[in-house]
Amino acid sequence: MKIISVVGARPNFMKISPFIKAVNNHNTQHSINHILVHTGQHYDDSMSKAFFEELEIPEADVNLKIGSGTHAEQVGQTMIAFEKVLKAEKPDWVVVVGDVNATLACSVTAKKEWIKVCHIEAGLRSHDLTMPEEINRLVTDRISDLLLAPDNLSVENLRSEGVPESKIRFVGNIMIDTLEANRVKAEKIEIVDIIKRNNIDSRLMMQDAGKSPANSFEPERDDFAVITLHRPSNVDSMEVLGPIVNFLTDEVAEDLLLLWPIHPRTKKMLAGFGLSEKIAQHKNIILLEPLGYLDMLRLNMGARLILTDSGGLQEECTVLGTPCLTLRRNTERPVTLRDHGGASVLVGNNIGVIREEYRKALSRRRTPVRPELWDGNTAERCLKAILEYGQ
Ligand code: UD1
């Protein structure tokens with residue numbers, strides 16, 4: 001059997017790593033011909049290469065080097081380049097993960113070449129078509145042959161859309177395989193070292209603002225919060241990003257040390273809106289480069305709370321029990337919400353709501369929860385489903 005797996009952007013890497021390990025385990029006795037294709041949507045070392053190294057993902061066999069662009073540019077160029085790979089390699093299966101542009105582009109291209117498509121993380125729905133990821137999820141699930149769902153709510157979504165039972169498998173959350181495989185390693189990292197290694201332009205910030213955050217931080221005593229933001233709906237307009245930054249500087253960072261690993265999109269936007277200075281000068285906010293997997297996991301394990309618009313972090317917070325404020329109006333991962341027993345609460349980008357939930361979260365204790373089959377063995381079930389389906 002020949003399988004091509006596809007990755008394109010940061011959130012894909014922690015999903016493909018366990019799958020490739022499962023293929024390699026299987027190959028000690030059998031032989032699957034596996035090819036890894038990286039579309040190149042994320043290309044900075046901190047957004048891509050660092051994850052390959054830490055998560056022991058073998059170098060991609062093919063890199064399409066698509067890079068940044070509009071959605072149409074990214075999807076169109078990926079399709080043109082991926083079609084050539086498919087024609088040359090003629091795989092039995094294309095495995096796509098998640099909901100990024102690579103997921104959409106490669107599933108559509110494969111299906112038009114009559115190649116079977118397996119979608120890992122199928123059935124998530126935000127029901128919000130203003131999210132590009134929702135379009136990617138809907139299209140990918142509509143054409144996939146095998147839909148591997150992370151939770152029962154996703155299975156229900158697929159059923160209600162009329163997907164035949166024969167295509168759906170409930171396998172659990174593959175990202176939690178990566179979390180479980182790396183928990184012990186992450187625990188050993190000192191938080192102060194994460195800050196020292198990743199502090200953005202620390203010398204400049206210290207001179208300008210007269211602070212030395214990495215030296216003054218004592219993790220045993222100090223509480224810290226973490227924020228990550230990257231969604232266009234939060235960072236692309238001053239009307240939304242400005243009040244969020246004010247809330248962080250004037251309120252959160254007055255209570256707690258705030259660690260902020262910055263996504264490239266957000267970094268550009270903060271600079272463009274003239275907001276970087278205010279953040280850099282606050283003695284209790286530390287801006288960090290985009291973090292590697294282990295560093296982020298370590299912060300999540302120690303944080304008093306996390307504010308985020310990332311889907312993956314919502315899931316990791318649920319398993320680790322970290323109180324999580326999700327700065328979105330909706331989520332495709334309702335299983336992570338407190339209403340469903342998870343650790344996260346939707347707060348949108350209304351400061352009044354964020355403030356209220358922030359106050360509540362401060363007094364909340366860390367309560368780990370494990371949704372069904374988020375047990376670290378999902379990748380094996382994914383591969384089993386493909387093998388049972390056959391060539
Ligand atoms: C993409 C995914 C999103 C995912 C996110 C995680 C889609 C539609 N979106 O959004 O679902 O949550 O990845 O990061 O696929 N840039 C760099 N270096 C890089 C990559 C990007 O500087 O290595 C900058 C570029 O200016 C680029 C911008 O970040 O234009 C946005 O990157 P892009 O790949 O378009 O989308 P993300 O916002 O990262």
# chains A, B, ... in the order shown; residues from 1 in each chain; ligands from 1
>>> closest_atom_pairs(of="region 241-290 of chain A", to="region 301-316 of chain A", cutoff="12 Å", atoms="only C-alpha atoms", output="CSV")
residue,atom,partner,partner_atom,distance
A:Ile244,CA,A:Leu307,CA,10.8
A:Phe247,CA,A:Leu307,CA,11.8
A:Leu248,CA,A:Leu307,CA,10.0
A:Val252,CA,A:Leu307,CA,10.3
A:Asp255,CA,A:Arg304,CA,11.1
A:Leu256,CA,A:Arg304,CA,8.8
A:Leu257,CA,A:Ala303,CA,9.9
A:Leu258,CA,A:Ala303,CA,9.5
A:Leu259,CA,A:Ala303,CA,9.4
A:Trp260,CA,A:Leu307,CA,9.7
A:Pro261,CA,A:Thr308,CA,10.8
A:Ile262,CA,A:Thr308,CA,11.5
A:His263,CA,A:Ser310,CA,11.0
A:Thr266,CA,A:Asp309,CA,11.9
>>> select_by_dssp(residues="region 23-147 of chain A", states="alpha helix (DSSP H)", output="ChimeraX atom specification")
/A:23-26,49-54,71-89,101-112,132-143
>>> closest_atom_pairs(of="chain A", to="ligand 1", cutoff="7 Å", atoms="only C-alpha atoms and all ligand atoms", output="CSV")
residue,atom,partner,partner_atom_place_in_ligand_line,distance
A:Ala9,CA,ligand 1,13 (O),5.4
A:Arg10,CA,ligand 1,6 (C),5.4
A:Pro11,CA,ligand 1,6 (C),5.7
A:Gln41,CA,ligand 1,34 (O),5.2
A:His42,CA,ligand 1,23 (O),3.7
A:Tyr43,CA,ligand 1,23 (O),3.8
A:Asp44,CA,ligand 1,23 (O),3.8
A:Met47,CA,ligand 1,23 (O),5.2
A:Ser48,CA,ligand 1,23 (O),6.8
A:Ser68,CA,ligand 1,30 (O),4.8
A:Gly69,CA,ligand 1,30 (O),5.9
A:Thr70,CA,ligand 1,35 (O),6.9
A:His71,CA,ligand 1,8 (C),6.9
A:Asp99,CA,ligand 1,11 (O),6.2
A:Val100,CA,ligand 1,15 (O),3.3
A:Asn101,CA,ligand 1,15 (O),4.0
A:Ala102,CA,ligand 1,15 (O),6.7
A:Pro132,CA,ligand 1,8 (C),5.3
A:Glu133,CA,ligand 1,8 (C),5.4
A:His230,CA,ligand 1,38 (O),5.9
A:Arg231,CA,ligand 1,38 (O),6.1
A:Pro232,CA,ligand 1,38 (O),6.9
A:His263,CA,ligand 1,14 (O),7.0
A:Pro264,CA,ligand 1,22 (O),4.6
A:Arg265,CA,ligand 1,29 (O),4.2
A:Ser310,CA,ligand 1,12 (O),6.2
>>> closest_residue(among="A:Glu180, A:Gly341, A:Leu55, A:Leu362", to="Lys21 (chain A)", atoms="only C-alpha atoms")
A:Leu55
>>> residues_around(residues="Val96 (chain A)", least_positions_apart="4", cutoff="9 Å", atoms="only C-alpha atoms", output="list of chain:residue names")
A:Ile4, A:Ser5, A:Val6, A:Val7, A:Asn12, A:Ile16, A:Ala102, A:Thr103, A:Leu104, A:Cys106, A:Ser107, A:Val117, A:Cys118, A:His119, A:Ile120, A:Glu121, A:Thr140
